[in-house]
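J.: My structure file data-v3.tsv, TSV, C-alpha atoms and all ligand atoms, is below:
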chain	number	residue	atom	x	y	z
A	1	MET	CA	63.14	0.02	-23.87
A	2	LYS	CA	62.70	1.56	-20.47
A	3	SER	CA	64.48	4.74	-21.44
A	4	ARG	CA	62.32	5.07	-24.53
A	5	LEU	CA	59.25	4.87	-22.37
A	6	LEU	CA	60.68	7.55	-20.12
A	7	VAL	CA	61.40	9.76	-23.12
A	8	SER	CA	57.87	9.50	-24.40
A	9	PHE	CA	56.51	10.15	-20.95
A	10	GLY	CA	58.72	13.22	-20.77
A	11	LEU	CA	57.45	14.39	-24.14
A	12	VAL	CA	53.86	14.03	-22.99
A	13	LEU	CA	54.67	16.13	-19.94
A	14	ILE	CA	56.33	18.81	-22.03
A	15	LEU	CA	53.39	18.89	-24.42
A	16	PHE	CA	50.69	19.08	-21.79
A	17	ALA	CA	52.27	20.90	-18.86
A	18	PRO	CA	51.98	24.38	-20.42
A	19	GLY	CA	48.27	23.77	-21.04
A	20	LEU	CA	47.73	22.82	-17.43
A	21	GLY	CA	49.70	25.79	-16.20
A	22	PHE	CA	47.64	28.11	-18.37
A	23	ALA	CA	44.35	26.81	-17.06
A	24	GLN	CA	45.56	27.12	-13.49
A	25	SER	CA	46.94	30.62	-13.74
A	26	LYS	CA	43.73	31.83	-15.37
A	27	GLY	CA	41.43	30.93	-12.54
A	28	ASP	CA	39.70	28.40	-10.37
A	29	ALA	CA	36.04	27.91	-11.35
A	30	LYS	CA	35.14	26.50	-7.93
A	31	ALA	CA	36.41	29.55	-6.11
A	32	GLY	CA	34.73	31.71	-8.73
A	33	LYS	CA	31.35	30.08	-8.13
A	34	LEU	CA	31.38	31.21	-4.49
A	35	LYS	CA	32.00	34.81	-5.56
A	36	TYR	CA	29.43	34.57	-8.33
A	37	ASP	CA	26.76	33.16	-6.03
A	38	ALA	CA	27.33	35.94	-3.53
A	39	ASN	CA	27.62	38.88	-5.94
A	40	CYS	CA	26.13	38.24	-9.35
A	41	VAL	CA	23.02	36.05	-9.13
A	42	GLY	CA	20.68	38.95	-8.30
A	43	CYS	CA	20.98	40.11	-11.89
A	44	HIS	CA	22.54	37.19	-13.77
A	45	GLY	CA	20.52	34.39	-12.17
A	46	ALA	CA	21.59	31.35	-10.16
A	47	THR	CA	22.60	29.46	-13.29
A	48	GLY	CA	23.88	32.44	-15.29
A	49	LYS	CA	20.97	32.55	-17.69
A	50	GLY	CA	20.42	36.24	-17.09
A	51	ASP	CA	17.21	35.68	-15.15
A	52	GLY	CA	18.07	37.01	-11.70
A	53	ALA	CA	15.39	38.64	-9.55
A	54	ALA	CA	16.43	42.13	-10.66
A	55	ALA	CA	16.77	41.25	-14.34
A	56	ALA	CA	13.13	41.90	-15.24
A	57	ALA	CA	13.65	45.58	-14.46
A	58	LEU	CA	16.90	45.90	-16.41
A	59	ASN	CA	17.34	47.22	-19.92
A	60	PRO	CA	19.50	45.96	-21.55
A	61	LYS	CA	19.21	42.66	-19.74
A	62	PRO	CA	22.20	40.58	-18.67
A	63	GLN	CA	23.10	38.07	-21.36
A	64	ASP	CA	22.80	34.32	-21.04
A	65	HIS	CA	26.19	33.02	-19.85
A	66	THR	CA	25.13	29.48	-20.70
A	67	ASN	CA	24.90	30.28	-24.42
A	68	GLY	CA	28.11	28.68	-25.64
A	69	LYS	CA	27.99	30.28	-29.07
A	70	ALA	CA	27.64	33.80	-27.70
A	71	MET	CA	30.21	33.21	-24.97
A	72	LYS	CA	32.77	31.85	-27.39
A	73	ALA	CA	32.72	35.18	-29.20
A	74	LEU	CA	33.83	36.96	-26.02
A	75	SER	CA	37.52	37.03	-25.13
A	76	ASP	CA	38.84	36.24	-21.67
A	77	LYS	CA	40.17	39.77	-21.51
A	78	TYR	CA	36.74	41.27	-22.24
A	79	LEU	CA	35.13	39.14	-19.51
A	80	PHE	CA	37.90	40.04	-17.10
A	81	ASP	CA	37.67	43.76	-17.87
A	82	ILE	CA	33.89	44.03	-17.63
A	83	ILE	CA	33.83	42.15	-14.32
A	84	LYS	CA	36.70	44.19	-12.93
A	85	ASP	CA	35.82	47.64	-14.28
A	86	GLY	CA	32.09	47.41	-14.96
A	87	GLY	CA	29.84	47.73	-17.99
A	88	ALA	CA	30.59	51.38	-18.74
A	89	SER	CA	34.31	50.58	-19.20
A	90	GLN	CA	33.33	48.33	-22.14
A	91	LYS	CA	30.69	50.72	-23.54
A	92	LYS	CA	28.02	48.47	-22.09
A	93	SER	CA	25.29	49.20	-19.57
A	94	PRO	CA	26.65	51.04	-16.50
A	95	ILE	CA	24.22	48.94	-14.43
A	96	MET	CA	26.77	46.13	-14.69
A	97	PRO	CA	28.92	47.03	-11.66
A	98	GLY	CA	32.71	46.81	-11.54
A	99	SER	CA	34.17	44.55	-8.86
A	100	GLY	CA	37.79	45.67	-9.05
A	101	LYS	CA	37.67	47.18	-5.57
A	102	LYS	CA	36.13	44.07	-4.07
A	103	PHE	CA	38.19	41.38	-5.78
A	104	SER	CA	41.83	40.80	-6.60
A	105	ASP	CA	42.77	40.08	-10.22
A	106	GLN	CA	43.06	36.40	-9.34
A	107	GLU	CA	39.56	36.39	-7.91
A	108	VAL	CA	38.25	38.03	-11.09
A	109	TRP	CA	39.97	35.29	-13.14
A	110	ASP	CA	38.30	32.72	-10.87
A	111	ILE	CA	34.92	34.23	-11.75
A	112	VAL	CA	35.80	34.25	-15.46
A	113	ALA	CA	36.67	30.55	-15.20
A	114	TYR	CA	33.34	29.87	-13.51
A	115	ILE	CA	31.33	31.77	-16.14
A	116	ARG	CA	33.17	29.86	-18.87
A	117	SER	CA	32.22	26.61	-17.15
A	118	LEU	CA	28.52	27.53	-17.46
A	119	ALA	CA	28.61	27.84	-21.23
A	120	LYS	CA	27.44	24.85	-23.24
A	201	LIG	C1	22.94	45.16	-10.84
A	201	LIG	C2	22.89	44.05	-11.76
A	201	LIG	C3	24.17	43.32	-12.06
A	201	LIG	C4	25.04	42.73	-11.18
A	201	LIG	C5	24.99	42.70	-9.66
A	201	LIG	C6	26.08	42.12	-12.00
A	201	LIG	N1	25.83	42.32	-13.33
A	201	LIG	FE1	26.92	41.62	-14.92
A	201	LIG	N2	25.72	42.62	-16.20
A	201	LIG	C7	24.57	43.29	-15.85
A	201	LIG	C8	23.95	43.82	-17.07
A	201	LIG	C9	22.67	44.64	-17.12
A	201	LIG	C10	24.78	43.45	-18.14
A	201	LIG	C11	24.55	43.74	-19.63
A	201	LIG	C12	25.29	44.96	-20.05
A	201	LIG	C13	25.03	45.29	-21.51
A	201	LIG	O1	24.80	44.39	-22.29
A	201	LIG	O2	25.05	46.49	-21.83
A	201	LIG	C14	25.87	42.70	-17.56
A	201	LIG	C15	26.92	42.13	-18.30
A	201	LIG	C16	27.85	41.27	-17.81
A	201	LIG	C17	28.84	40.59	-18.58
A	201	LIG	C18	29.07	40.74	-20.07
A	201	LIG	C19	28.32	39.69	-20.83
A	201	LIG	C20	28.28	39.92	-22.30
A	201	LIG	O3	27.70	39.05	-22.97
A	201	LIG	O4	28.78	40.93	-22.82
A	201	LIG	C21	29.55	39.78	-17.73
A	201	LIG	C22	30.68	38.83	-18.08
A	201	LIG	C23	29.01	39.99	-16.41
A	201	LIG	N3	27.98	40.90	-16.48
A	201	LIG	C24	29.45	39.36	-15.26
A	201	LIG	C25	29.04	39.70	-13.98
A	201	LIG	C26	29.63	39.15	-12.78
A	201	LIG	C27	30.70	38.09	-12.77
A	201	LIG	C28	29.01	39.75	-11.72
A	201	LIG	C29	29.30	39.55	-10.24
A	201	LIG	C30	30.67	39.80	-9.81
A	201	LIG	C31	28.02	40.65	-12.26
A	201	LIG	N4	28.07	40.59	-13.62
A	201	LIG	C32	27.16	41.41	-11.48
A	201	LIG	C33	24.06	43.45	-14.59
A	201	LIG	C34	24.66	43.04	-13.41
Show this structure as structure tokens.

T.:
Amino acid sequence: MKSRLLVSFGLVLILFAPGLGFAQSKGDAKAGKLKYDANCVGCHGATGKGDGAAAAALNPKPQDHTNGKAMKALSDKYLFDIIKDGGASQKKSPIMPGSGKKFSDQEVWDIVAYIRSLAK
């Protein structure tokens, strides 16, 4: 009886551990928030709605990161690449600056995780 319990516990671990590992290796939303607050809110707004102080003057405007439907359509790789290499690298507005010189890849993943956490 005891060993059966252990086996099922082991199975649960095997089933869920890769998922946990994936989430962890992709980024830490809390760490990402600090970077976002310091570097992105001027254009993207404090809550990611695309309503930062500078946004009124921008064309095209930054999108609403809280729009779950729109965000779901964007891959992690696209978010990573545009944050790291800037808008022009993705054939988007060059006003969206690249942060690859400022942040490590892990820090960019942290920001991606944070942006994902904003989407509803
Ligand atoms: C100077 C203003 C400005 C700053 C600062 C800025 N962005 Fe942007 N960002 C933009 C604009 C404008 C766009 C829209 C580009 C387009 O649609 O052509 C954009 C687009 C994006 C997109 C793509 C969204 C989509 O729906 O395609 C992401 C993700 C993003 N920014 C994240 C960030 C992050 C993270 C930071 C901080 C590290 C940041 N941005 C800093 C202006 C800015």

J.: Which chains and residue numbers are within 6 Å of ligand LIG 201 (chain A), counting only C-alpha atoms and all ligand atoms, if I want them as a list of chain:residue names?

T.: A:Tyr36, A:Asn39, A:Cys40, A:Gly42, A:Cys43, A:Leu58, A:Pro60, A:Lys61, A:Pro62, A:Gln63, A:Leu79, A:Ile83, A:Gly87, A:Lys92, A:Ser93, A:Ile95, A:Met96, A:Pro97, A:Ser99, A:Ile111

J.: Which one of A:Lys49, A:Asp85, A:Tyr78, A:Ala57 sits closest to A:Lys120 if you count only C-alpha atoms?

T.: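 Among A:Lys49, A:Asp85, A:Tyr78, A:Ala57, it is A:Lys49 that comes nearest to A:Lys120.
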
J.: Counting only C-alpha atoms, which of A:Ala119, A:Val7, A:Ala55, A:Ala31 gets nearest to A:Ala73?

T.: A:Ala119

J.: From the options A:Lys91, A:Ala46, A:Ile115, A:Gly86, which residue's atoms come nearest to A:Gly68, counting only C-alpha atoms?

T.: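 Among the listed residues, A:Ile115 lies closest to A:Gly68.
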
J.: Which residues, written as JSON, numbers by chain, have at least one atom at most 8 Å from A:Gly27, with only C-alpha atoms counted and residues fewer than 6 positions away on the same chain left out?

T.: {"A": [106, 107, 108, 109, 110, 111, 112, 113]}

J.: For the residues in that selection, give me C-alpha atoms as a short mmCIF file (atom, residue, chain, number, x, y, z; two decimals), in the coordinates of the input.

T.:
data_model
loop_
_atom_site.label_atom_id
_atom_site.label_comp_id
_atom_site.auth_asym_id
_atom_site.auth_seq_id
_atom_site.Cartn_x
_atom_site.Cartn_y
_atom_site.Cartn_z
CA GLN A 106 43.06 36.40 -9.34
CA GLU A 107 39.56 36.39 -7.91
CA VAL A 108 38.25 38.03 -11.09
CA TRP A 109 39.97 35.29 -13.14
CA ASP A 110 38.30 32.72 -10.87
CA ILE A 111 34.92 34.23 -11.75
CA VAL A 112 35.80 34.25 -15.46
CA ALA A 113 36.67 30.55 -15.20
#

J.: Which residues are close to A:Gly45, i.e. within 9 Å by only C-alpha atoms, leaving aside same-chain residues fewer than 6 positions away? Reply as a CSV table (one decimal) with C-alpha atoms, keeping the file's coordinate frame.

T.:
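As written to disk, selection_31.csv reads:
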chain,number,residue,atom,x,y,z
A,37,ASP,CA,26.8,33.2,-6.0
A,51,ASP,CA,17.2,35.7,-15.2
A,52,GLY,CA,18.1,37.0,-11.7
A,53,ALA,CA,15.4,38.6,-9.6
A,54,ALA,CA,16.4,42.1,-10.7
A,55,ALA,CA,16.8,41.2,-14.3

J.: Would you mind reading off the distance between atom CA of A:Lys102 and atom CA of A:Asp76, one decimal, in Å?

T.: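 One can read the atom CA of A:Lys102 to atom CA of A:Asp76 distance as 19.5 Å.
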
J.: Mind completing stretch 72-104 of chain A with N, CA and C atoms? Output as a PDB file, keeping the file's coordinate frame, please?

T.:
ATOM      1  N   LYS A  72      31.535  32.119 -26.668  1.00  0.00           N
ATOM      2  CA  LYS A  72      32.770  31.850 -27.390  1.00  0.00           C
ATOM      3  C   LYS A  72      33.281  33.097 -28.101  1.00  0.00           C
ATOM      4  N   ALA A  73      32.348  33.967 -28.480  1.00  0.00           N
ATOM      5  CA  ALA A  73      32.720  35.180 -29.200  1.00  0.00           C
ATOM      6  C   ALA A  73      33.380  36.209 -28.281  1.00  0.00           C
ATOM      7  N   LEU A  74      33.286  35.995 -26.972  1.00  0.00           N
ATOM      8  CA  LEU A  74      33.830  36.960 -26.020  1.00  0.00           C
ATOM      9  C   LEU A  74      35.195  36.504 -25.530  1.00  0.00           C
ATOM     10  N   SER A  75      36.170  37.403 -25.561  1.00  0.00           N
ATOM     11  CA  SER A  75      37.520  37.030 -25.130  1.00  0.00           C
ATOM     12  C   SER A  75      37.605  36.998 -23.601  1.00  0.00           C
ATOM     13  N   ASP A  76      38.592  36.258 -23.112  1.00  0.00           N
ATOM     14  CA  ASP A  76      38.840  36.240 -21.670  1.00  0.00           C
ATOM     15  C   ASP A  76      39.099  37.652 -21.156  1.00  0.00           C
ATOM     16  N   LYS A  77      39.824  38.416 -21.959  1.00  0.00           N
ATOM     17  CA  LYS A  77      40.170  39.770 -21.510  1.00  0.00           C
ATOM     18  C   LYS A  77      38.922  40.634 -21.365  1.00  0.00           C
ATOM     19  N   TYR A  78      37.989  40.493 -22.332  1.00  0.00           N
ATOM     20  CA  TYR A  78      36.740  41.270 -22.240  1.00  0.00           C
ATOM     21  C   TYR A  78      35.975  40.885 -20.976  1.00  0.00           C
ATOM     22  N   LEU A  79      35.859  39.581 -20.704  1.00  0.00           N
ATOM     23  CA  LEU A  79      35.130  39.140 -19.510  1.00  0.00           C
ATOM     24  C   LEU A  79      35.814  39.660 -18.259  1.00  0.00           C
ATOM     25  N   PHE A  80      37.134  39.546 -18.250  1.00  0.00           N
ATOM     26  CA  PHE A  80      37.900  40.040 -17.100  1.00  0.00           C
ATOM     27  C   PHE A  80      37.649  41.533 -16.892  1.00  0.00           C
ATOM     28  N   ASP A  81      37.772  42.296 -17.979  1.00  0.00           N
ATOM     29  CA  ASP A  81      37.670  43.760 -17.870  1.00  0.00           C
ATOM     30  C   ASP A  81      36.280  44.210 -17.440  1.00  0.00           C
ATOM     31  N   ILE A  82      35.245  43.559 -17.982  1.00  0.00           N
ATOM     32  CA  ILE A  82      33.890  44.030 -17.630  1.00  0.00           C
ATOM     33  C   ILE A  82      33.557  43.661 -16.188  1.00  0.00           C
ATOM     34  N   ILE A  83      34.078  42.524 -15.718  1.00  0.00           N
ATOM     35  CA  ILE A  83      33.830  42.150 -14.320  1.00  0.00           C
ATOM     36  C   ILE A  83      34.629  43.062 -13.397  1.00  0.00           C
ATOM     37  N   LYS A  84      35.858  43.357 -13.789  1.00  0.00           N
ATOM     38  CA  LYS A  84      36.700  44.190 -12.930  1.00  0.00           C
ATOM     39  C   LYS A  84      36.271  45.664 -12.955  1.00  0.00           C
ATOM     40  N   ASP A  85      36.018  46.198 -14.149  1.00  0.00           N
ATOM     41  CA  ASP A  85      35.820  47.640 -14.280  1.00  0.00           C
ATOM     42  C   ASP A  85      34.382  48.058 -14.562  1.00  0.00           C
ATOM     43  N   GLY A  86      33.500  47.089 -14.777  1.00  0.00           N
ATOM     44  CA  GLY A  86      32.090  47.410 -14.960  1.00  0.00           C
ATOM     45  C   GLY A  86      31.697  47.621 -16.413  1.00  0.00           C
ATOM     46  N   GLY A  87      30.379  47.652 -16.633  1.00  0.00           N
ATOM     47  CA  GLY A  87      29.840  47.730 -17.990  1.00  0.00           C
ATOM     48  C   GLY A  87      30.282  48.982 -18.737  1.00  0.00           C
ATOM     49  N   ALA A  88      30.290  50.119 -18.057  1.00  0.00           N
ATOM     50  CA  ALA A  88      30.590  51.380 -18.740  1.00  0.00           C
ATOM     51  C   ALA A  88      31.992  51.339 -19.351  1.00  0.00           C
ATOM     52  N   SER A  89      32.919  50.641 -18.705  1.00  0.00           N
ATOM     53  CA  SER A  89      34.310  50.580 -19.200  1.00  0.00           C
ATOM     54  C   SER A  89      34.364  49.879 -20.552  1.00  0.00           C
ATOM     55  N   GLN A  90      33.357  49.074 -20.874  1.00  0.00           N
ATOM     56  CA  GLN A  90      33.330  48.330 -22.140  1.00  0.00           C
ATOM     57  C   GLN A  90      32.232  48.872 -23.057  1.00  0.00           C
ATOM     58  N   LYS A  91      31.787  50.105 -22.779  1.00  0.00           N
ATOM     59  CA  LYS A  91      30.690  50.720 -23.540  1.00  0.00           C
ATOM     60  C   LYS A  91      29.425  49.867 -23.490  1.00  0.00           C
ATOM     61  N   LYS A  92      29.231  49.251 -22.348  1.00  0.00           N
ATOM     62  CA  LYS A  92      28.020  48.470 -22.090  1.00  0.00           C
ATOM     63  C   LYS A  92      27.257  49.172 -20.976  1.00  0.00           C
ATOM     64  N   SER A  93      26.122  48.574 -20.588  1.00  0.00           N
ATOM     65  CA  SER A  93      25.290  49.200 -19.570  1.00  0.00           C
ATOM     66  C   SER A  93      26.063  49.460 -18.280  1.00  0.00           C
ATOM     67  N   PRO A  94      25.965  50.700 -17.758  1.00  0.00           N
ATOM     68  CA  PRO A  94      26.650  51.040 -16.500  1.00  0.00           C
ATOM     69  C   PRO A  94      26.002  50.343 -15.302  1.00  0.00           C
ATOM     70  N   ILE A  95      24.872  49.691 -15.524  1.00  0.00           N
ATOM     71  CA  ILE A  95      24.220  48.940 -14.430  1.00  0.00           C
ATOM     72  C   ILE A  95      25.068  47.738 -14.042  1.00  0.00           C
ATOM     73  N   MET A  96      25.832  47.221 -15.000  1.00  0.00           N
ATOM     74  CA  MET A  96      26.770  46.130 -14.690  1.00  0.00           C
ATOM     75  C   MET A  96      27.909  46.715 -13.877  1.00  0.00           C
ATOM     76  N   PRO A  97      27.954  46.378 -12.553  1.00  0.00           N
ATOM     77  CA  PRO A  97      28.920  47.030 -11.660  1.00  0.00           C
ATOM     78  C   PRO A  97      30.325  46.459 -11.800  1.00  0.00           C
ATOM     79  N   GLY A  98      31.324  47.289 -11.583  1.00  0.00           N
ATOM     80  CA  GLY A  98      32.710  46.810 -11.540  1.00  0.00           C
ATOM     81  C   GLY A  98      33.017  46.243 -10.167  1.00  0.00           C
ATOM     82  N   SER A  99      33.851  45.187 -10.136  1.00  0.00           N
ATOM     83  CA  SER A  99      34.170  44.550  -8.860  1.00  0.00           C
ATOM     84  C   SER A  99      35.644  44.675  -8.515  1.00  0.00           C
ATOM     85  N   GLY A 100      36.340  45.540  -9.234  1.00  0.00           N
ATOM     86  CA  GLY A 100      37.790  45.670  -9.050  1.00  0.00           C
ATOM     87  C   GLY A 100      38.200  46.060  -7.636  1.00  0.00           C
ATOM     88  N   LYS A 101      37.314  46.765  -6.936  1.00  0.00           N
ATOM     89  CA  LYS A 101      37.670  47.180  -5.570  1.00  0.00           C
ATOM     90  C   LYS A 101      37.441  46.036  -4.591  1.00  0.00           C
ATOM     91  N   LYS A 102      36.496  45.160  -4.966  1.00  0.00           N
ATOM     92  CA  LYS A 102      36.130  44.070  -4.070  1.00  0.00           C
ATOM     93  C   LYS A 102      37.055  42.874  -4.228  1.00  0.00           C
ATOM     94  N   PHE A 103      37.464  42.614  -5.483  1.00  0.00           N
ATOM     95  CA  PHE A 103      38.190  41.380  -5.780  1.00  0.00           C
ATOM     96  C   PHE A 103      39.587  41.662  -6.321  1.00  0.00           C
ATOM     97  N   SER A 104      40.499  40.758  -5.994  1.00  0.00           N
ATOM     98  CA  SER A 104      41.830  40.800  -6.600  1.00  0.00           C
ATOM     99  C   SER A 104      41.716  40.318  -8.043  1.00  0.00           C
TER     100      SER A 104
END
